[in-house]
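A.B. asks: The structure file structure.cif (mmCIF, C-alpha atoms) is provided below.
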```cif
data_model
#
loop_
_atom_site.group_PDB
_atom_site.id
_atom_site.type_symbol
_atom_site.label_atom_id
_atom_site.label_comp_id
_atom_site.auth_asym_id
_atom_site.auth_seq_id
_atom_site.Cartn_x
_atom_site.Cartn_y
_atom_site.Cartn_z
ATOM 1 C CA MET A 1 -13.443 -19.114 -6.893
ATOM 2 C CA GLY A 2 -9.903 -18.347 -7.974
ATOM 3 C CA THR A 3 -11.143 -17.820 -11.525
ATOM 4 C CA SER A 4 -9.482 -14.832 -13.125
ATOM 5 C CA GLY A 5 -11.451 -12.227 -14.967
ATOM 6 C CA PRO A 6 -10.131 -10.544 -18.102
ATOM 7 C CA ARG A 7 -7.135 -8.240 -17.983
ATOM 8 C CA LEU A 8 -8.648 -4.770 -18.228
ATOM 9 C CA THR A 9 -6.605 -1.808 -19.389
ATOM 10 C CA ALA A 10 -7.355 1.784 -18.376
ATOM 11 C CA PRO A 11 -8.782 3.853 -21.231
ATOM 12 C CA TYR A 12 -6.139 6.561 -20.765
ATOM 13 C CA PRO A 13 -2.511 6.655 -19.667
ATOM 14 C CA LEU A 14 -1.994 8.300 -16.279
ATOM 15 C CA ARG A 15 -2.299 12.021 -16.937
ATOM 16 C CA GLU A 16 -0.782 14.767 -14.827
ATOM 17 C CA GLU A 17 -4.126 16.565 -14.843
ATOM 18 C CA ASP A 18 -6.032 13.605 -13.344
ATOM 19 C CA LEU A 19 -3.324 13.242 -10.728
ATOM 20 C CA ARG A 20 -3.574 16.941 -9.832
ATOM 21 C CA ARG A 21 -7.322 16.679 -9.257
ATOM 22 C CA PHE A 22 -6.895 13.454 -7.278
ATOM 23 C CA THR A 23 -4.185 14.778 -4.951
ATOM 24 C CA GLN A 24 -5.979 18.106 -4.492
ATOM 25 C CA GLY A 25 -9.179 16.236 -3.566
ATOM 26 C CA LEU A 26 -7.149 14.144 -1.151
ATOM 27 C CA MET A 27 -5.375 17.250 0.207
ATOM 28 C CA ASN A 28 -2.012 15.572 -0.357
ATOM 29 C CA ALA A 29 0.697 18.103 -1.213
ATOM 30 C CA ASP A 30 3.652 15.692 -1.402
ATOM 31 C CA PRO A 31 5.823 17.089 -4.250
ATOM 32 C CA ILE A 32 6.551 13.616 -5.689
ATOM 33 C CA HIS A 33 3.007 13.907 -7.112
ATOM 34 C CA TYR A 34 3.732 17.075 -9.125
ATOM 35 C CA ASP A 35 7.400 18.126 -9.010
ATOM 36 C CA GLU A 36 9.626 16.323 -11.495
ATOM 37 C CA ARG A 37 12.794 17.520 -9.719
ATOM 38 C CA VAL A 38 11.778 15.957 -6.400
ATOM 39 C CA ALA A 39 10.351 12.772 -7.876
ATOM 40 C CA ALA A 40 13.017 11.972 -10.478
ATOM 41 C CA ALA A 41 15.799 10.648 -8.257
ATOM 42 C CA ARG A 42 13.903 7.727 -6.774
ATOM 43 C CA TYR A 43 10.937 7.314 -9.094
ATOM 44 C CA GLY A 44 12.175 8.504 -12.487
ATOM 45 C CA GLY A 45 9.377 11.067 -12.697
ATOM 46 C CA VAL A 46 6.152 12.281 -11.153
ATOM 47 C CA VAL A 47 4.264 9.405 -9.517
ATOM 48 C CA ALA A 48 0.802 8.771 -8.122
ATOM 49 C CA PRO A 49 -0.173 7.748 -4.577
ATOM 50 C CA ALA A 50 0.135 4.000 -3.946
ATOM 51 C CA LEU A 51 -3.529 3.087 -4.386
ATOM 52 C CA TYR A 52 -4.132 5.345 -7.384
ATOM 53 C CA PRO A 53 -4.255 2.388 -9.841
ATOM 54 C CA ALA A 54 -7.619 1.445 -8.309
ATOM 55 C CA HIS A 55 -9.008 4.729 -9.672
ATOM 56 C CA VAL A 56 -7.870 4.692 -13.315
ATOM 57 C CA PHE A 57 -10.882 2.988 -14.841
ATOM 58 C CA ARG A 58 -12.611 6.157 -16.011
ATOM 59 C CA ARG A 59 -15.481 6.304 -18.471
ATOM 60 C CA PRO A 60 -13.993 6.600 -21.950
ATOM 61 C CA ALA A 61 -15.105 9.405 -24.253
ATOM 62 C CA GLY A 62 -17.833 8.189 -26.594
ATOM 63 C CA SER A 63 -19.198 5.554 -24.202
ATOM 64 C CA PRO A 64 -22.856 5.530 -23.100
ATOM 65 C CA ASP A 65 -23.782 7.936 -20.287
ATOM 66 C CA PRO A 66 -24.561 5.947 -17.108
ATOM 67 C CA PHE A 67 -26.782 8.814 -15.915
ATOM 68 C CA GLU A 68 -29.307 7.853 -18.642
ATOM 69 C CA ARG A 69 -30.402 5.334 -16.030
ATOM 70 C CA PHE A 70 -32.026 8.125 -13.994
ATOM 71 C CA VAL A 71 -34.679 8.444 -16.724
ATOM 72 C CA GLU A 72 -36.045 4.969 -15.963
ATOM 73 C CA ASP A 73 -34.846 4.676 -12.376
ATOM 74 C CA PRO A 74 -34.803 8.006 -10.505
ATOM 75 C CA GLU A 75 -34.067 6.150 -7.257
ATOM 76 C CA TRP A 76 -30.793 4.701 -8.598
ATOM 77 C CA ASP A 77 -28.051 5.273 -6.009
ATOM 78 C CA GLY A 78 -25.364 6.067 -8.589
ATOM 79 C CA THR A 79 -23.267 2.933 -7.979
ATOM 80 C CA ASP A 80 -22.373 0.320 -10.533
ATOM 81 C CA LEU A 81 -21.659 -3.003 -8.832
ATOM 82 C CA ALA A 82 -20.688 -4.669 -12.117
ATOM 83 C CA ALA A 83 -17.988 -2.047 -12.712
ATOM 84 C CA GLY A 84 -16.574 -2.805 -9.264
ATOM 85 C CA LEU A 85 -16.196 -6.480 -10.127
ATOM 86 C CA GLY A 86 -13.292 -5.864 -12.500
ATOM 87 C CA GLY A 87 -14.849 -7.847 -15.349
ATOM 88 C CA LEU A 88 -15.608 -10.894 -13.175
ATOM 89 C CA PRO A 89 -18.895 -12.687 -13.801
ATOM 90 C CA PRO A 90 -21.522 -11.051 -11.553
ATOM 91 C CA LEU A 91 -22.945 -13.091 -8.685
ATOM 92 C CA ASP A 92 -26.669 -13.571 -8.797
ATOM 93 C CA LEU A 93 -27.502 -12.708 -5.210
ATOM 94 C CA PRO A 94 -30.680 -11.155 -3.815
ATOM 95 C CA PHE A 95 -29.147 -8.260 -1.906
ATOM 96 C CA SER A 96 -30.032 -4.617 -2.247
ATOM 97 C CA ARG A 97 -27.205 -2.848 -0.449
ATOM 98 C CA VAL A 98 -23.512 -2.894 -1.224
ATOM 99 C CA LEU A 99 -21.018 -1.686 1.377
ATOM 100 C CA ASN A 100 -17.288 -1.261 1.159
ATOM 101 C CA GLY A 101 -15.916 -3.620 3.826
ATOM 102 C CA GLY A 102 -12.196 -3.079 3.740
ATOM 103 C CA VAL A 103 -8.944 -3.296 1.866
ATOM 104 C CA GLU A 104 -5.700 -5.260 2.106
ATOM 105 C CA ALA A 105 -2.923 -4.121 -0.204
ATOM 106 C CA GLU A 106 0.750 -4.698 -0.924
ATOM 107 C CA PHE A 107 2.678 -2.147 -2.913
ATOM 108 C CA HIS A 108 5.653 -2.636 -5.220
ATOM 109 C CA GLN A 109 5.876 0.441 -7.395
ATOM 110 C CA LEU A 110 4.089 3.770 -7.834
ATOM 111 C CA ALA A 111 2.352 4.454 -11.132
ATOM 112 C CA ARG A 112 4.151 7.158 -13.128
ATOM 113 C CA VAL A 113 2.661 9.839 -15.310
ATOM 114 C CA GLY A 114 2.331 8.295 -18.763
ATOM 115 C CA ASP A 115 1.886 4.731 -17.477
ATOM 116 C CA THR A 116 -0.911 2.641 -18.928
ATOM 117 C CA ILE A 117 -2.316 0.609 -16.068
ATOM 118 C CA SER A 118 -4.007 -2.774 -16.331
ATOM 119 C CA ALA A 119 -5.909 -4.759 -13.743
ATOM 120 C CA GLN A 120 -6.782 -8.420 -13.429
ATOM 121 C CA SER A 121 -9.192 -9.584 -10.743
ATOM 122 C CA SER A 122 -10.296 -12.874 -9.250
ATOM 123 C CA TYR A 123 -12.758 -13.902 -6.577
ATOM 124 C CA ALA A 124 -10.551 -14.681 -3.580
ATOM 125 C CA ASP A 125 -13.229 -15.489 -1.015
ATOM 126 C CA ILE A 126 -16.994 -15.595 -0.608
ATOM 127 C CA GLN A 127 -18.513 -15.998 2.856
ATOM 128 C CA GLU A 128 -21.988 -15.885 4.301
ATOM 129 C CA ARG A 129 -22.408 -14.325 7.755
ATOM 130 C CA GLU A 130 -25.213 -13.601 10.143
ATOM 131 C CA GLY A 131 -25.106 -9.948 11.099
ATOM 132 C CA ARG A 132 -27.308 -7.820 13.341
ATOM 133 C CA SER A 133 -29.464 -6.880 10.375
ATOM 134 C CA GLY A 134 -29.775 -10.392 8.909
ATOM 135 C CA THR A 135 -27.743 -12.451 6.474
ATOM 136 C CA MET A 136 -24.915 -10.809 4.619
ATOM 137 C CA VAL A 137 -22.420 -12.014 2.072
ATOM 138 C CA LEU A 138 -18.787 -10.918 2.083
ATOM 139 C CA ILE A 139 -17.062 -11.056 -1.273
ATOM 140 C CA THR A 140 -13.304 -10.597 -1.470
ATOM 141 C CA ILE A 141 -11.855 -9.700 -4.841
ATOM 142 C CA GLU A 142 -8.119 -9.759 -5.441
ATOM 143 C CA THR A 143 -6.799 -7.454 -8.128
ATOM 144 C CA THR A 144 -3.279 -7.211 -9.480
ATOM 145 C CA TYR A 145 -2.387 -3.870 -11.058
ATOM 146 C CA THR A 146 0.423 -3.760 -13.603
ATOM 147 C CA ASN A 147 1.968 -1.130 -15.861
ATOM 148 C CA GLN A 148 2.662 -1.305 -19.624
ATOM 149 C CA ASP A 149 5.856 -3.305 -18.912
ATOM 150 C CA ALA A 150 3.864 -5.910 -16.946
ATOM 151 C CA ALA A 151 5.608 -4.809 -13.737
ATOM 152 C CA VAL A 152 3.385 -5.306 -10.696
ATOM 153 C CA LEU A 153 2.401 -2.018 -9.059
ATOM 154 C CA ALA A 154 0.098 -3.359 -6.358
ATOM 155 C CA ARG A 155 -1.990 -6.305 -5.254
ATOM 156 C CA VAL A 156 -5.225 -5.298 -3.625
ATOM 157 C CA ARG A 157 -7.834 -7.438 -1.895
ATOM 158 C CA SER A 158 -11.069 -5.568 -1.359
ATOM 159 C CA THR A 159 -14.073 -6.867 0.479
ATOM 160 C CA VAL A 160 -17.582 -5.805 -0.441
ATOM 161 C CA ILE A 161 -20.479 -6.583 1.869
ATOM 162 C CA LEU A 162 -23.866 -7.388 0.337
ATOM 163 C CA ARG A 163 -26.907 -7.304 2.543
ATOM 164 C CA MET B 1 -1.375 22.654 4.725
ATOM 165 C CA SER B 2 1.239 22.942 7.457
ATOM 166 C CA ALA B 3 4.930 22.200 7.243
ATOM 167 C CA SER B 4 4.458 19.154 9.493
ATOM 168 C CA ASP B 5 2.478 17.534 6.665
ATOM 169 C CA GLU B 6 5.579 17.485 4.496
ATOM 170 C CA PRO B 7 7.097 14.025 4.206
ATOM 171 C CA ALA B 8 10.053 13.628 6.515
ATOM 172 C CA ALA B 9 13.541 13.489 5.135
ATOM 173 C CA VAL B 10 15.023 10.014 5.328
ATOM 174 C CA ARG B 11 13.875 8.285 8.512
ATOM 175 C CA HIS B 12 16.185 5.541 9.754
ATOM 176 C CA PHE B 13 15.002 2.373 11.430
ATOM 177 C CA GLU B 14 17.219 2.959 14.495
ATOM 178 C CA SER B 15 15.313 6.151 15.360
ATOM 179 C CA VAL B 16 12.023 4.260 15.779
ATOM 180 C CA SER B 17 10.813 2.523 18.979
ATOM 181 C CA VAL B 18 7.810 0.356 19.733
ATOM 182 C CA GLY B 19 5.071 2.621 21.049
ATOM 183 C CA ASP B 20 6.116 5.615 18.916
ATOM 184 C CA GLU B 21 3.283 7.533 17.352
ATOM 185 C CA LEU B 22 3.306 8.205 13.631
ATOM 186 C CA THR B 23 2.874 11.879 12.727
ATOM 187 C CA GLU B 24 -0.866 12.434 12.679
ATOM 188 C CA LEU B 25 -2.662 13.994 9.710
ATOM 189 C CA THR B 26 -5.812 15.992 10.346
ATOM 190 C CA ARG B 27 -8.263 17.154 7.678
ATOM 191 C CA GLY B 28 -11.553 18.919 7.815
ATOM 192 C CA PRO B 29 -14.166 19.813 8.791
ATOM 193 C CA MET B 30 -15.058 17.723 5.719
ATOM 194 C CA SER B 31 -17.659 19.941 4.071
ATOM 195 C CA GLU B 32 -20.040 19.067 1.238
ATOM 196 C CA ALA B 33 -17.532 20.842 -1.027
ATOM 197 C CA HIS B 34 -14.738 18.471 0.031
ATOM 198 C CA LEU B 35 -16.909 15.418 -0.657
ATOM 199 C CA MET B 36 -18.064 16.797 -4.003
ATOM 200 C CA ARG B 37 -14.491 17.590 -5.065
ATOM 201 C CA TRP B 38 -13.376 14.056 -4.221
ATOM 202 C CA SER B 39 -16.330 12.317 -5.898
ATOM 203 C CA ALA B 40 -15.734 14.378 -9.041
ATOM 204 C CA ALA B 41 -11.972 13.716 -9.024
ATOM 205 C CA ILE B 42 -12.452 9.948 -8.984
ATOM 206 C CA GLU B 43 -15.705 10.027 -10.991
ATOM 207 C CA ASN B 44 -17.631 8.022 -8.418
ATOM 208 C CA TRP B 45 -21.292 8.970 -8.396
ATOM 209 C CA HIS B 46 -22.634 7.240 -5.280
ATOM 210 C CA ARG B 47 -25.293 9.724 -4.154
ATOM 211 C CA ILE B 48 -24.766 9.221 -0.409
ATOM 212 C CA HIS B 49 -21.675 11.458 -0.785
ATOM 213 C CA TYR B 50 -23.327 14.519 -2.380
ATOM 214 C CA ASP B 51 -27.125 14.187 -2.516
ATOM 215 C CA GLU B 52 -28.417 14.854 0.978
ATOM 216 C CA PRO B 53 -32.141 14.178 0.360
ATOM 217 C CA PHE B 54 -31.162 10.833 -1.181
ATOM 218 C CA ALA B 55 -28.778 9.958 1.667
ATOM 219 C CA THR B 56 -31.284 10.799 4.414
ATOM 220 C CA LYS B 57 -34.704 10.022 2.935
ATOM 221 C CA HIS B 58 -33.894 7.144 0.591
ATOM 222 C CA ASP B 59 -31.002 5.466 2.394
ATOM 223 C CA GLY B 60 -32.009 6.495 5.923
ATOM 224 C CA LEU B 61 -28.570 7.890 6.781
ATOM 225 C CA PRO B 62 -28.166 10.740 9.269
ATOM 226 C CA CYS B 63 -26.375 12.913 6.665
ATOM 227 C CA LEU B 64 -23.849 12.730 3.816
ATOM 228 C CA LEU B 65 -20.999 10.256 4.373
ATOM 229 C CA VAL B 66 -17.275 10.781 3.814
ATOM 230 C CA ASN B 67 -16.140 8.485 0.971
ATOM 231 C CA GLY B 68 -14.366 5.251 1.925
ATOM 232 C CA THR B 69 -12.104 5.820 -1.078
ATOM 233 C CA TRP B 70 -11.015 9.152 0.419
ATOM 234 C CA LYS B 71 -10.365 7.557 3.814
ATOM 235 C CA GLN B 72 -8.232 4.762 2.372
ATOM 236 C CA ASN B 73 -6.005 7.196 0.484
ATOM 237 C CA PHE B 74 -5.858 9.458 3.568
ATOM 238 C CA LEU B 75 -4.550 6.555 5.697
ATOM 239 C CA ILE B 76 -1.949 5.678 3.068
ATOM 240 C CA GLN B 77 -0.860 9.324 2.906
ATOM 241 C CA MET B 78 -0.378 9.419 6.678
ATOM 242 C CA VAL B 79 1.802 6.285 6.723
ATOM 243 C CA THR B 80 3.874 7.127 3.634
ATOM 244 C CA GLY B 81 4.422 10.676 4.924
ATOM 245 C CA TRP B 82 5.766 9.349 8.207
ATOM 246 C CA LEU B 83 7.993 6.747 6.497
ATOM 247 C CA GLY B 84 9.615 9.605 4.575
ATOM 248 C CA SER B 85 11.381 9.772 1.257
ATOM 249 C CA GLY B 86 13.608 6.732 1.893
ATOM 250 C CA GLY B 87 10.919 4.406 3.238
ATOM 251 C CA TRP B 88 8.358 2.196 1.560
ATOM 252 C CA LEU B 89 4.837 1.213 2.538
ATOM 253 C CA ALA B 90 4.948 -2.534 1.826
ATOM 254 C CA ARG B 91 1.575 -3.564 3.174
ATOM 255 C CA ILE B 92 -1.569 -2.022 4.599
ATOM 256 C CA GLU B 93 -4.974 -3.349 5.647
ATOM 257 C CA PHE B 94 -7.983 -1.673 7.199
ATOM 258 C CA SER B 95 -11.711 -2.089 7.408
ATOM 259 C CA PHE B 96 -14.522 0.413 7.260
ATOM 260 C CA ARG B 97 -16.236 -0.088 10.630
ATOM 261 C CA ARG B 98 -17.941 3.233 11.326
ATOM 262 C CA MET B 99 -19.381 5.999 9.202
ATOM 263 C CA ASP B 100 -17.697 9.397 9.063
ATOM 264 C CA PHE B 101 -20.071 12.289 8.466
ATOM 265 C CA VAL B 102 -20.046 15.548 6.567
ATOM 266 C CA GLY B 103 -18.737 18.195 8.985
ATOM 267 C CA ASP B 104 -16.321 15.784 10.697
ATOM 268 C CA VAL B 105 -12.719 16.663 11.415
ATOM 269 C CA LEU B 106 -10.803 13.435 10.747
ATOM 270 C CA THR B 107 -7.385 12.426 12.040
ATOM 271 C CA ALA B 108 -5.306 9.583 10.622
ATOM 272 C CA TRP B 109 -3.043 8.148 13.308
ATOM 273 C CA GLY B 110 -0.677 5.253 13.865
ATOM 274 C CA THR B 111 1.354 3.576 16.607
ATOM 275 C CA VAL B 112 4.428 1.403 16.146
ATOM 276 C CA THR B 113 3.671 -2.122 17.424
ATOM 277 C CA ALA B 114 6.704 -4.188 16.344
ATOM 278 C CA LEU B 115 10.174 -3.818 14.851
ATOM 279 C CA GLU B 116 12.277 -6.338 12.990
ATOM 280 C CA THR B 117 15.402 -6.295 10.836
ATOM 281 C CA ARG B 118 15.735 -8.668 7.918
ATOM 282 C CA ASP B 119 18.017 -8.711 4.867
ATOM 283 C CA GLY B 120 19.645 -5.451 5.932
ATOM 284 C CA LEU B 121 16.337 -3.558 6.084
ATOM 285 C CA GLY B 122 14.131 -2.425 8.946
ATOM 286 C CA PHE B 123 10.469 -3.478 9.110
ATOM 287 C CA VAL B 124 8.060 -1.376 11.159
ATOM 288 C CA SER B 125 4.628 -2.762 12.017
ATOM 289 C CA CYS B 126 1.978 -0.246 13.011
ATOM 290 C CA GLU B 127 -1.562 -0.117 14.200
ATOM 291 C CA ILE B 128 -3.413 2.591 12.266
ATOM 292 C CA GLY B 129 -6.815 4.209 12.216
ATOM 293 C CA ILE B 130 -8.977 7.270 11.616
ATOM 294 C CA ARG B 131 -10.382 9.113 14.619
ATOM 295 C CA ASN B 132 -13.625 11.049 14.225
ATOM 296 C CA PRO B 133 -15.270 13.651 16.524
ATOM 297 C CA ARG B 134 -17.411 10.945 18.168
ATOM 298 C CA GLY B 135 -14.225 9.351 19.509
ATOM 299 C CA GLU B 136 -14.615 6.342 17.216
ATOM 300 C CA ASN B 137 -11.885 4.609 15.272
ATOM 301 C CA SER B 138 -13.834 4.465 12.026
ATOM 302 C CA THR B 139 -11.179 2.695 9.969
ATOM 303 C CA PRO B 140 -8.995 0.386 12.100
ATOM 304 C CA GLY B 141 -6.129 -1.458 10.478
ATOM 305 C CA SER B 142 -2.425 -2.138 10.356
ATOM 306 C CA ALA B 143 0.535 -1.440 8.119
ATOM 307 C CA VAL B 144 4.081 -2.614 7.521
ATOM 308 C CA GLY B 145 6.639 -0.055 6.416
ATOM 309 C CA VAL B 146 10.236 -0.631 5.377
ATOM 310 C CA LEU B 147 12.984 1.763 6.490
ATOM 311 C CA PRO B 148 16.709 1.836 5.750
ATOM 312 C CA LEU B 149 19.180 1.051 8.531
ATOM 313 C CA ARG B 150 21.490 3.947 9.403
ATOM 314 C CA ASP B 151 24.536 2.388 7.739
ATOM 315 C CA GLY B 152 22.579 0.038 5.528
ATOM 316 C CA ARG B 153 21.457 -0.170 1.923
ATOM 317 C CA PRO B 154 18.594 1.901 0.565
ATOM 318 C CA VAL B 155 15.149 0.299 0.523
ATOM 319 C CA PRO B 156 14.962 -1.196 -2.992
ATOM 320 C CA TYR B 157 12.687 0.502 -5.491
ATOM 321 C CA PRO B 158 10.681 -1.006 -7.127
ATOM 322 C CA TYR B 159 9.999 -2.968 -3.955
ATOM 323 C CA PRO B 160 10.281 -6.635 -4.953
ATOM 324 C CA VAL B 161 7.334 -8.960 -5.371
ATOM 325 C CA PRO B 162 7.882 -11.947 -3.026
ATOM 326 C CA ALA B 163 9.360 -15.023 -4.713
ATOM 327 C CA GLY B 164 6.852 -17.571 -5.964
ATOM 328 C CA ARG B 165 4.219 -14.997 -6.894
#
```
Would you mind writing the file out in structure tokens?

C.D. replies:
Amino acid sequence: MGTSGPRLTAPYPLREEDLRRFTQGLMNADPIHYDERVAAARYGGVVAPALYPAHVFRRPAGSPDPFERFVEDPEWDGTDLAAGLGGLPPLDLPFSRVLNGGVEAEFHQLARVGDTISAQSSYADIQEREGRSGTMVLITIETTYTNQDAAVLARVRSTVILR
Amino acid sequence: MSASDEPAAVRHFESVSVGDELTELTRGPMSEAHLMRWSAAIENWHRIHYDEPFATKHDGLPCLLVNGTWKQNFLIQMVTGWLGSGGWLARIEFSFRRMDFVGDVLTAWGTVTALETRDGLGFVSCEIGIRNPRGENSTPGSAVGVLPLRDGRPVPYPYPVPAGR
């Protein structure tokens, strides 16, 4: 508890193209996410939505294909719990389902196109609870996202529910 | 997208009252295509968002589910849009309490619950959530936004990290 994992850095700087796909998927047409003229005055350039840093850890080119797993495990649900732990040591717990419980975030700065974002996580809380469908474990991970100048963009506490 | 989705011009703290409703954002019906586009954009491959036989037969769900990652960004978009170009979303929290299904029309909403001025800035606390067609609040939470006072200083950007952190 409280132990920090490694500082992980996104494989790519924030690219306009990724931001376009993200905001179009979100159906967010705010011009600060694509129009330099609108975004420059306050933000110095085109910026991403506040929680975008949580989505920058893409699979780098040349890395192994996670879908290879379907060969051995056709029932795989497509999730990667280890990747969601932000480099923290995995917990050896006998649960089969992982649910997204909730998020608590404070925001300081929006990531700008060209920024290289890093994240450092720690286990903030681990609790056992009796739910309607048996025992579950709630794990809260706190992650601090920074840019290449070590300025804090956001602090995010996310809770995953194992059951 | 309608003009009312555009972020407001500068909203001043004095124009806000407890009980005010934040401008709602409505999206959907959230089709399979919407879910697929989002999953691909963020490269998240959880099959319950695009593989219906897997979602229903393997996971026992009634149908495909709207991504929690989409809902969290949707809530943030609603609050930041309402705060306008001079405001700042300082804090938000919410939990995923109910499932939202493929085909749902979803509305992000908020209500002002408390107002406070401090250090020449206005702080607006809100209750927020996402309403689905079953009348549920699938994603209840709260947020704190910062607005400029009418004759006050701009909300600082970057918004400072509290001392001692």

A.B. asks: Going by the chain IDs and residue numbers used in this file, which residues fall under the PyMOL selection byres ((chain A) within 6 of (chain B))? Write them as a list in words.

C.D. replies: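 Expected selection for the PyMOL selection byres ((chain A) within 6 of (chain B)) here is Arg21, Phe22, Gly25, Asp77, Gly78, Thr79, Gly101, Gly102, Val103, Glu104, Ala105, Glu106, Phe107, His108 and Gln109 of chain A.
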
A.B. asks: Using the chain letters and residue numbers of this document, give as a PDB file with C-alpha atoms, keeping the file's coordinate frame the residues selected by the PyMOL selection byres ((chain B and resi 115-117) around 10).

C.D. replies:
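Writing done, so here's result.pdb:
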```pdb
ATOM      1  CA  PHE B  13      15.002   2.373  11.430  1.00  0.00           C
ATOM      2  CA  GLU B  14      17.219   2.959  14.495  1.00  0.00           C
ATOM      3  CA  VAL B  16      12.023   4.260  15.779  1.00  0.00           C
ATOM      4  CA  SER B  17      10.813   2.523  18.979  1.00  0.00           C
ATOM      5  CA  VAL B  18       7.810   0.356  19.733  1.00  0.00           C
ATOM      6  CA  VAL B 112       4.428   1.403  16.146  1.00  0.00           C
ATOM      7  CA  THR B 113       3.671  -2.122  17.424  1.00  0.00           C
ATOM      8  CA  ALA B 114       6.704  -4.188  16.344  1.00  0.00           C
ATOM      9  CA  ARG B 118      15.735  -8.668   7.918  1.00  0.00           C
ATOM     10  CA  ASP B 119      18.017  -8.711   4.867  1.00  0.00           C
ATOM     11  CA  GLY B 120      19.645  -5.451   5.932  1.00  0.00           C
ATOM     12  CA  LEU B 121      16.337  -3.558   6.084  1.00  0.00           C
ATOM     13  CA  GLY B 122      14.131  -2.425   8.946  1.00  0.00           C
ATOM     14  CA  PHE B 123      10.469  -3.478   9.110  1.00  0.00           C
ATOM     15  CA  VAL B 124       8.060  -1.376  11.159  1.00  0.00           C
ATOM     16  CA  SER B 125       4.628  -2.762  12.017  1.00  0.00           C
ATOM     17  CA  CYS B 126       1.978  -0.246  13.011  1.00  0.00           C
ATOM     18  CA  VAL B 144       4.081  -2.614   7.521  1.00  0.00           C
ATOM     19  CA  GLY B 145       6.639  -0.055   6.416  1.00  0.00           C
ATOM     20  CA  VAL B 146      10.236  -0.631   5.377  1.00  0.00           C
ATOM     21  CA  LEU B 147      12.984   1.763   6.490  1.00  0.00           C
ATOM     22  CA  PRO B 148      16.709   1.836   5.750  1.00  0.00           C
ATOM     23  CA  LEU B 149      19.180   1.051   8.531  1.00  0.00           C
TER      24      LEU B 149
END
```

A.B. asks: Which neighbours of A:Thr146 fall inside 7 Å, counting only C-alpha atoms, when residues of the same chain fewer than 5 positions from it are skipped, and could you give them as a PyMOL selection string?

C.D. replies: chain A and resi 117-119+151-153

A.B. asks: Counting all atoms listed in the file, which residue out of B:His12, B:Ser138, B:Leu22, B:Gly87 sits closest to B:Val66?

C.D. replies: B:Ser138

A.B. asks: Starting from the displayed file, determine the output of the PyMOL selection byres ((chain A and resi 60) around 12) and express the residue list as a list in words.

C.D. replies: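 That selection, the PyMOL selection byres ((chain A and resi 60) around 12), comes back as Thr9, Ala10, Pro11, Tyr12, Pro13, Val56, Phe57, Arg58, Arg59, Ala61, Gly62, Ser63, Pro64, Asp65 and Pro66 of chain A; Glu43 of chain B.
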
A.B. asks: Using only C-alpha atoms, which of A:Glu68, A:Tyr52, A:Tyr123, A:Gly114 sits nearest A:Pro89?

C.D. replies: A:Tyr123

A.B. asks: List the neighbours of A:Tyr34 out to 12 Å using all atoms listed in the file; skip same-chain residues closer than 4 positions along the sequence, and give me the result as a PyMOL selection string.

C.D. replies: chain A and resi 15-24+28-30+38-40+45-49+112-113

A.B. asks: Would you work out the distance separating atom CA of A:Arg132 from atom CA of A:Pro94, expressed in Å to one decimal?

C.D. replies: 17.8 Å

A.B. asks: Give the padded box for stretch 131-142 of chain B as AutoDock Vina command-line options: axis-aligned, covering all atoms listed in the file, 3 Å on each side, centre and edge lengths in Å to one decimal.

C.D. replies:
```
--center_x -9.9 --center_y 5.8 --center_z 14.7 --size_x 21.0 --size_y 21.8 --size_z 15.5
```

A.B. asks: Take the point (-18.9, 7.4, 9.9) as written in the file and pick out every residue within 7 Å of it, counting only C-alpha atoms; give the list as a ChimeraX atom specification.

C.D. replies: /B:65,98-101,138

A.B. asks: Between atom CA of B:Glu127 and atom CA of B:Gly19, what is the distance in Å, rounded to a tenth?

C.D. replies: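 Atom-to-atom, atom CA of B:Glu127 and atom CA of B:Gly19 are spaced 9.9 Å apart.
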
A.B. asks: Could you jot down the atom CA of B:Ala108 to atom CA of B:Gly129 separation for me, Å, one decimal place?

C.D. replies: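 The value is 5.8 Å.
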
A.B. asks: From (-4.0, -6.3, -9.6), in the file's coordinates, out to 10 Å: which residues are reached, counting all atoms listed in the file? Answer as an MDAnalysis selection string.

C.D. replies: chainID A and resid 7:8 53:54 86 105 117:122 141:146 152:157

A.B. asks: When you look at A:Leu93 with a cut-off of 12 Å (counting all atoms listed in the file), what residues show up, excluding the ones that are within fewer than 5 positions of it in the same chain? I need them as a PyMOL selection string.

C.D. replies: chain A and resi 81+98+126+128+135-139+161-163

A.B. asks: I'd like to know which of B:Met30, B:Arg153, B:Val79, B:Gly135 is closest to B:Gly110, using only C-alpha atoms.

C.D. replies: B:Val79
